[in-house]
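**Student:** See my_file.cif below, with mmCIF, C-alpha atoms.
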```cif
data_upload
#
loop_
_atom_site.label_atom_id
_atom_site.label_comp_id
_atom_site.auth_asym_id
_atom_site.auth_seq_id
_atom_site.Cartn_x
_atom_site.Cartn_y
_atom_site.Cartn_z
CA ARG A 89 -92.72 106.12 46.96
CA LYS A 90 -89.47 104.78 45.53
CA GLU A 91 -89.75 102.19 42.77
CA VAL A 92 -87.30 99.89 44.59
CA GLU A 93 -87.20 99.96 48.40
CA GLN A 94 -84.67 98.42 50.75
CA ASP A 95 -83.96 98.57 54.48
CA PRO A 96 -80.75 100.64 54.67
CA GLY A 97 -79.50 98.73 57.74
CA PRO A 98 -76.84 98.45 58.97
CA PHE A 99 -77.11 94.74 59.62
CA ASN A 100 -74.38 93.89 62.14
CA VAL A 101 -73.85 90.12 62.28
CA PRO A 102 -71.11 87.85 63.67
CA GLU A 103 -68.98 85.73 61.38
CA GLY A 104 -70.73 82.50 60.51
CA ALA A 105 -74.22 83.92 60.90
CA THR A 106 -77.00 83.68 58.33
CA VAL A 107 -78.48 86.99 57.25
CA ALA A 108 -81.33 87.86 54.89
CA PHE A 109 -82.24 91.06 53.10
CA ASN A 110 -85.54 91.88 51.46
CA CYS A 111 -86.38 94.35 48.76
CA THR A 112 -89.76 95.43 47.40
CA TYR A 113 -90.55 96.87 43.98
CA SER A 114 -93.63 98.83 42.99
CA ASN A 115 -93.84 98.32 39.22
CA SER A 116 -95.65 95.04 38.55
CA ALA A 117 -94.36 95.07 34.96
CA SER A 118 -90.76 94.72 36.16
CA GLN A 119 -89.09 92.03 34.18
CA SER A 120 -85.66 91.13 35.57
CA PHE A 121 -84.11 91.32 39.00
CA PHE A 122 -80.58 91.41 40.33
CA TRP A 123 -78.44 91.86 43.40
CA TYR A 124 -75.35 94.04 43.05
CA ARG A 125 -72.63 94.40 45.66
CA GLN A 126 -70.85 97.68 46.36
CA ASP A 127 -67.79 97.87 48.59
CA CYS A 128 -67.05 101.11 50.42
CA ARG A 129 -65.95 103.82 47.97
CA LYS A 130 -65.96 101.37 45.05
CA GLU A 131 -68.14 100.75 42.05
CA PRO A 132 -71.15 98.38 42.10
CA LYS A 133 -70.64 94.88 40.71
CA LEU A 134 -73.19 92.24 39.78
CA LEU A 135 -73.52 89.62 42.53
CA MET A 136 -76.26 87.50 41.01
CA SER A 137 -79.39 87.55 38.92
CA VAL A 138 -82.67 86.51 40.54
CA TYR A 139 -84.73 83.89 38.74
CA SER A 140 -88.43 83.14 39.23
CA SER A 141 -87.62 79.67 40.51
CA GLY A 142 -85.02 80.96 42.98
CA ASN A 143 -81.32 80.39 42.56
CA GLU A 144 -78.24 79.67 44.60
CA ASP A 145 -74.58 80.55 44.12
CA GLY A 146 -72.45 79.06 46.84
CA ARG A 147 -73.43 80.68 50.15
CA PHE A 148 -75.84 83.08 48.43
CA THR A 149 -79.49 82.34 47.67
CA ALA A 150 -81.81 84.71 45.83
CA GLN A 151 -85.60 84.40 45.70
CA LEU A 152 -88.31 86.25 43.82
CA ASN A 153 -91.95 86.55 44.83
CA ARG A 154 -93.80 88.19 41.94
CA ALA A 155 -97.21 88.05 43.66
CA SER A 156 -95.93 90.10 46.60
CA GLN A 157 -93.38 91.99 44.51
CA TYR A 158 -90.37 91.31 46.67
CA ILE A 159 -86.90 89.90 46.22
CA SER A 160 -84.71 88.40 48.90
CA LEU A 161 -81.03 87.61 49.34
CA LEU A 162 -79.85 85.06 51.93
CA ILE A 163 -76.20 84.82 52.91
CA ARG A 164 -75.15 81.74 54.87
CA ASP A 165 -71.96 81.36 56.92
CA SER A 166 -71.14 85.08 56.69
CA LYS A 167 -67.50 86.03 56.14
CA LEU A 168 -65.76 89.27 57.04
CA SER A 169 -65.31 89.79 53.30
CA ASP A 170 -69.10 89.87 52.83
CA SER A 171 -69.19 93.30 54.50
CA ALA A 172 -70.52 95.64 51.82
CA THR A 173 -73.66 97.38 50.62
CA TYR A 174 -76.07 95.14 48.72
CA LEU A 175 -78.11 96.85 46.02
CA CYS A 176 -81.43 95.49 44.84
CA VAL A 177 -81.84 96.19 41.12
CA VAL A 178 -84.84 95.89 38.85
CA LYS A 179 -85.28 96.12 35.10
CA ARG A 180 -88.62 97.42 33.90
CA GLY A 181 -90.43 95.53 31.17
CA GLY A 182 -90.05 96.42 27.54
CA ALA A 183 -87.18 96.99 25.15
CA THR A 184 -84.88 98.84 27.47
CA ASN A 185 -81.55 98.09 29.11
CA LYS A 186 -82.16 100.63 31.88
CA LEU A 187 -81.92 99.41 35.47
CA ILE A 188 -83.52 100.86 38.61
CA PHE A 189 -81.29 100.68 41.68
CA GLY A 190 -82.37 100.52 45.30
CA THR A 191 -80.48 102.60 47.84
CA GLY A 192 -78.79 99.53 49.28
CA THR A 193 -78.57 97.58 52.53
CA LEU A 194 -75.34 97.84 54.51
CA LEU A 195 -73.97 94.60 55.94
CA ALA A 196 -71.19 94.61 58.53
CA VAL A 197 -69.85 91.19 59.51
CA GLN A 198 -68.07 91.29 62.87
CA PRO A 199 -65.17 89.01 63.91
CA ASN B 285 -58.81 94.41 29.33
CA ALA B 286 -59.29 97.55 31.40
CA GLY B 287 -63.11 97.30 31.38
CA VAL B 288 -64.61 100.74 32.05
CA THR B 289 -62.26 103.60 32.79
CA GLN B 290 -63.14 107.08 34.03
CA THR B 291 -61.16 110.28 34.36
CA PRO B 292 -60.60 112.15 36.53
CA LYS B 293 -60.92 110.22 39.80
CA PHE B 294 -61.35 113.38 41.88
CA GLN B 295 -62.26 116.96 41.00
CA VAL B 296 -63.04 120.14 42.91
CA LEU B 297 -64.85 122.91 41.03
CA LYS B 298 -66.06 126.35 41.94
CA THR B 299 -69.69 127.23 41.27
CA GLY B 300 -70.12 128.22 37.63
CA GLN B 301 -67.08 126.37 36.31
CA SER B 302 -67.46 123.78 33.60
CA MET B 303 -65.87 120.40 33.14
CA THR B 304 -66.16 117.16 31.20
CA LEU B 305 -66.02 113.70 32.75
CA GLN B 306 -64.55 111.11 30.43
CA CYS B 307 -65.55 107.46 30.17
CA ALA B 308 -64.28 104.70 27.92
CA GLN B 309 -64.97 100.96 27.68
CA ASP B 310 -63.04 98.29 25.84
CA MET B 311 -65.66 95.51 25.95
CA ASN B 312 -67.31 96.45 22.64
CA HIS B 313 -70.57 97.19 24.47
CA ASN B 314 -73.37 98.98 22.68
CA SER B 315 -74.98 100.73 25.66
CA MET B 316 -73.39 103.22 28.04
CA TYR B 317 -74.74 105.10 31.05
CA TRP B 318 -73.96 107.95 33.42
CA TYR B 319 -75.19 107.77 37.02
CA ARG B 320 -74.77 109.89 40.09
CA GLN B 321 -74.79 108.43 43.59
CA ASP B 322 -75.72 110.47 46.63
CA PRO B 323 -76.20 109.31 50.24
CA GLY B 324 -79.72 108.00 50.78
CA MET B 325 -80.63 108.40 47.10
CA GLY B 326 -78.95 105.43 45.49
CA LEU B 327 -77.77 105.43 41.91
CA ARG B 328 -79.76 107.73 39.66
CA LEU B 329 -79.50 107.66 35.88
CA ILE B 330 -78.47 110.99 34.34
CA TYR B 331 -78.19 110.07 30.65
CA TYR B 332 -77.73 106.93 28.67
CA SER B 333 -76.79 105.89 25.17
CA ALA B 334 -78.44 102.73 23.90
CA SER B 335 -76.09 102.58 20.94
CA GLU B 336 -73.53 104.67 19.12
CA GLY B 337 -75.15 107.82 17.77
CA THR B 338 -78.06 107.91 20.23
CA THR B 339 -78.46 109.52 23.64
CA ASP B 340 -81.48 109.85 25.92
CA LYS B 341 -82.31 111.55 29.19
CA GLY B 342 -82.49 109.56 32.36
CA GLU B 343 -84.04 110.44 35.69
CA VAL B 344 -81.94 113.55 36.54
CA PRO B 345 -80.60 115.15 33.31
CA ASN B 346 -80.89 118.84 34.24
CA GLY B 347 -77.54 120.63 34.30
CA TYR B 348 -75.76 117.96 32.25
CA ASN B 349 -75.01 117.19 28.62
CA VAL B 350 -73.51 114.08 27.07
CA SER B 351 -71.67 113.06 23.93
CA ARG B 352 -71.34 109.53 22.60
CA LEU B 353 -68.12 110.19 20.75
CA ASN B 354 -67.83 106.69 19.30
CA LYS B 355 -68.70 103.18 20.44
CA ARG B 356 -66.00 103.25 23.15
CA GLU B 357 -66.42 106.70 24.65
CA PHE B 358 -69.26 108.51 26.42
CA SER B 359 -68.57 111.86 28.07
CA LEU B 360 -70.60 113.88 30.58
CA ARG B 361 -70.36 117.68 30.64
CA LEU B 362 -71.31 120.08 33.39
CA GLU B 363 -71.65 123.48 31.73
CA SER B 364 -72.04 125.56 34.90
CA ALA B 365 -71.41 123.54 38.03
CA ALA B 366 -73.61 124.00 41.09
CA PRO B 367 -73.12 122.74 44.68
CA SER B 368 -76.11 120.42 44.14
CA GLN B 369 -73.97 118.54 41.61
CA THR B 370 -71.52 117.47 44.32
CA SER B 371 -71.70 113.70 44.03
CA VAL B 372 -69.97 110.52 42.94
CA TYR B 373 -70.39 109.94 39.22
CA PHE B 374 -70.29 106.46 37.73
CA CYS B 375 -70.12 105.48 34.11
CA ALA B 376 -71.33 102.02 33.10
CA SER B 377 -71.69 99.94 29.98
CA SER B 378 -73.67 96.89 28.97
CA ASP B 379 -74.11 94.69 25.97
CA SER B 380 -77.34 94.59 24.02
CA LEU B 381 -79.86 91.80 23.89
CA MET B 382 -78.93 91.14 20.29
CA ALA B 383 -75.36 90.20 21.11
CA GLY B 384 -76.17 86.52 21.72
CA ARG B 385 -75.21 86.54 25.37
CA LEU B 386 -76.89 84.40 27.98
CA VAL B 387 -80.23 86.01 28.79
CA GLU B 388 -79.54 86.21 32.50
CA ARG B 389 -76.37 88.26 31.87
CA ALA B 390 -77.89 90.41 29.11
CA TYR B 391 -78.57 93.33 31.41
CA GLU B 392 -75.42 93.21 33.48
CA GLN B 393 -73.88 96.64 33.71
CA TYR B 394 -70.15 97.07 34.24
CA PHE B 395 -69.17 100.15 36.17
CA GLY B 396 -66.12 102.37 36.12
CA PRO B 397 -64.34 103.31 39.38
CA GLY B 398 -66.20 106.61 39.70
CA THR B 399 -65.37 110.32 39.84
CA ARG B 400 -65.76 112.14 43.15
CA LEU B 401 -66.82 115.70 42.33
CA THR B 402 -67.09 118.51 44.84
CA VAL B 403 -68.55 121.87 43.82
CA THR B 404 -67.87 124.71 46.26
#
```
Could you rewrite the structure in this file as structure tokens?
**Tutor:**
Amino acid sequence: RKEVEQDPGPFNVPEGATVAFNCTYSNSASQSFFWYRQDCRKEPKLLMSVYSSGNEDGRFTAQLNRASQYISLLIRDSKLSDSATYLCVVKRGGATNKLIFGTGTLLAVQP
Amino acid sequence: NAGVTQTPKFQVLKTGQSMTLQCAQDMNHNSMYWYRQDPGMGLRLIYYSASEGTTDKGEVPNGYNVSRLNKREFSLRLESAAPSQTSVYFCASSDSLMAGRLVERAYEQYFGPGTRLTVT
């Protein structure tokens, strides 16, 4: 079983739609959580960190459920430019900077 | 500020050939990483360097060696390339927890544009 699991998609949604992705992690000692965005044939870039209390950045909302060990990302009012692969990323506990990356969920926003 | 740079962008090797992938960062980061990305597998850590002078194996180190040449540069060497090493290779860097950055950004990794390697 992978340490970080995501639905690969693709999620095909019309512009303006609301879409949500979930991600589960298996290591209960995981300490920090993130969503990265990767455009086609480009490098990953940090989209947002995920805080225990949930956090919002414009049209993006991230939530963490430690009891069930899942993370979610909600995108409201989808834009064509949101089309990308969204990577769920987890940092294990302890004194390490290493991150564990999920395989990503592909989002395609249609005009 | 170029961020993280990688060379070359593309490379085709024959089985058994060797090559070195170069990576440099100009953000004064302590930690650097090499990943490979394959379809359906996600990003997998090959080697990392927590700070200048140290290197450690990641998840898939076999067939690779690394050198942390100085704080800026971290190279990845394939001594005898195999078709299974066909992949996209990303270098990344991050600051350390001791650098006084905001906690929520402490683990952010900055990636280079990648090297697309094909081994025939």
**Student:** In file coordinates, which residues lie within 7 Å of (-67.5, 117.9, 43.5) using only C-alpha atoms, given as a PyMOL selection string?
**Tutor:** chain B and resi 295-297+369-371+400-403
**Student:** Using 8 Å as the limit and counting all atoms listed in the file, can you tabulate each residue of chain A that touches chain B, with its shortest atom-to-atom distance in Å and the two atoms involved, as CSV?
**Tutor:**
```
residue,atom,partner,partner_atom,distance
A:Lys130,CA,B:Pro397,CA,6.2
A:Glu131,CA,B:Pro397,CA,5.3
A:Pro132,CA,B:Phe395,CA,6.5
A:Lys133,CA,B:Tyr394,CA,6.8
A:Leu134,CA,B:Glu392,CA,6.8
A:Ser137,CA,B:Glu388,CA,6.6
A:Asn185,CA,B:Tyr391,CA,6.1
A:Ile188,CA,B:Arg328,CA,7.9
A:Phe189,CA,B:Leu327,CA,5.9
A:Gly190,CA,B:Gly326,CA,6.0
A:Thr191,CA,B:Gly326,CA,4.0
A:Gly192,CA,B:Gly326,CA,7.0
```
**Student:** Hey, what comes out of the PyMOL selection byres ((chain B and resi 292) around 8) on this file? Could you write it as an MDAnalysis selection string?
**Tutor:** chainID B and resid 290:291 293:295 305:306 399
**Student:** Would you work out the distance separating CA of Val107 in chain A from CA of Asn153 in chain A, expressed in Å to one decimal?
**Tutor:**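 CA of Asn153 in chain A lies 18.3 Å from CA of Val107 in chain A.
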**Student:** Can you pull out the residues contacting Asn285 in chain B? Cut-off 8 Å, using only C-alpha atoms, and skip same-chain residues under 2 positions away; I want them as JSON, numbers by chain.
**Tutor:** {"B": [287, 310, 311]}
**Student:** So how many Å separate CA of Ser120 in chain A and CA of Glu336 in chain B, to one decimal?
**Tutor:**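 Taking CA of Ser120 in chain A and CA of Glu336 in chain B, their separation equals 24.5 Å.
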**Student:** Enumerate, as a list in words, the residues matched when the PyMOL selection byres ((chain A and resi 197) around 9) is run on the file above.
**Tutor:**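 Applied to this file, the PyMOL selection byres ((chain A and resi 197) around 9) selects Phe99, Asn100, Val101, Pro102, Glu103, Gly104, Ala105, Ser166, Lys167, Leu168, Ser169, Asp170, Ser171, Ala172, Leu195, Ala196, Gln198 and Pro199 of chain A.
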**Student:** Store the residues picked out above in a file with C-alpha atoms, as a PDB file, in the coordinates of the input.
**Tutor:**
```pdb
ATOM      1  CA  PHE A  99     -77.110  94.740  59.620  1.00  0.00           C
ATOM      2  CA  ASN A 100     -74.380  93.890  62.140  1.00  0.00           C
ATOM      3  CA  VAL A 101     -73.850  90.120  62.280  1.00  0.00           C
ATOM      4  CA  PRO A 102     -71.110  87.850  63.670  1.00  0.00           C
ATOM      5  CA  GLU A 103     -68.980  85.730  61.380  1.00  0.00           C
ATOM      6  CA  GLY A 104     -70.730  82.500  60.510  1.00  0.00           C
ATOM      7  CA  ALA A 105     -74.220  83.920  60.900  1.00  0.00           C
ATOM      8  CA  SER A 166     -71.140  85.080  56.690  1.00  0.00           C
ATOM      9  CA  LYS A 167     -67.500  86.030  56.140  1.00  0.00           C
ATOM     10  CA  LEU A 168     -65.760  89.270  57.040  1.00  0.00           C
ATOM     11  CA  SER A 169     -65.310  89.790  53.300  1.00  0.00           C
ATOM     12  CA  ASP A 170     -69.100  89.870  52.830  1.00  0.00           C
ATOM     13  CA  SER A 171     -69.190  93.300  54.500  1.00  0.00           C
ATOM     14  CA  ALA A 172     -70.520  95.640  51.820  1.00  0.00           C
ATOM     15  CA  LEU A 195     -73.970  94.600  55.940  1.00  0.00           C
ATOM     16  CA  ALA A 196     -71.190  94.610  58.530  1.00  0.00           C
ATOM     17  CA  GLN A 198     -68.070  91.290  62.870  1.00  0.00           C
ATOM     18  CA  PRO A 199     -65.170  89.010  63.910  1.00  0.00           C
TER      19      PRO A 199
END
```
**Student:** List the residues selected by the PyMOL selection byres ((chain A and resi 139-147) around 9) in the file shown, writing them as a list in words.
**Tutor:**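 For this structure, the PyMOL selection byres ((chain A and resi 139-147) around 9) resolves to Ser120, Phe121, Phe122, Met136, Ser137, Val138, Phe148, Thr149, Ala150, Gln151, Leu152, Asn153, Arg154, Leu162, Ile163, Arg164, Asp165 and Ser166 of chain A; Glu388 of chain B.
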**Student:** May I ask for the distance between CA of Glu357 in chain B and CA of Pro345 in chain B, given in Å to one decimal place?
**Tutor:**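 Taking CA of Glu357 in chain B and CA of Pro345 in chain B, their separation equals 18.6 Å.
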**Student:** Pick from A:Thr184, A:Ser116, A:Thr173, A:Gln126: nearest to Gly97 in chain A, with all atoms listed in the file counted?
**Tutor:**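 Ranking A:Thr184, A:Ser116, A:Thr173, A:Gln126 by distance to Gly97 in chain A, first place goes to A:Thr173.
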**Student:** First collect every listed atom of range 102-113 of chain A; then fit an axis-aligned box around them, widen it by 4 Å on each side, and give centre and edge lengths in Å to one decimal, as JSON.
**Tutor:**
```
{"center_x": -79.8, "center_y": 89.7, "center_z": 53.8, "size_x": 29.6, "size_y": 22.4, "size_z": 27.7}
```
**Student:** List as a PyMOL selection string the protein and nucleic acid residues near Asn115 in chain A, meaning an atom at most 9 Å away when all atoms listed in the file are counted, but skip any in the same chain fewer than 4 places from it.
**Tutor:** chain A and resi 91-92+157+180
**Student:** From the options A:Val178, A:Leu135, A:Leu161, A:Leu187, which residue's atoms come nearest to Ser114 in chain A, counting only C-alpha atoms?
**Tutor:**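 Using only C-alpha atoms, the shortest distance to Ser114 in chain A belongs to A:Val178.
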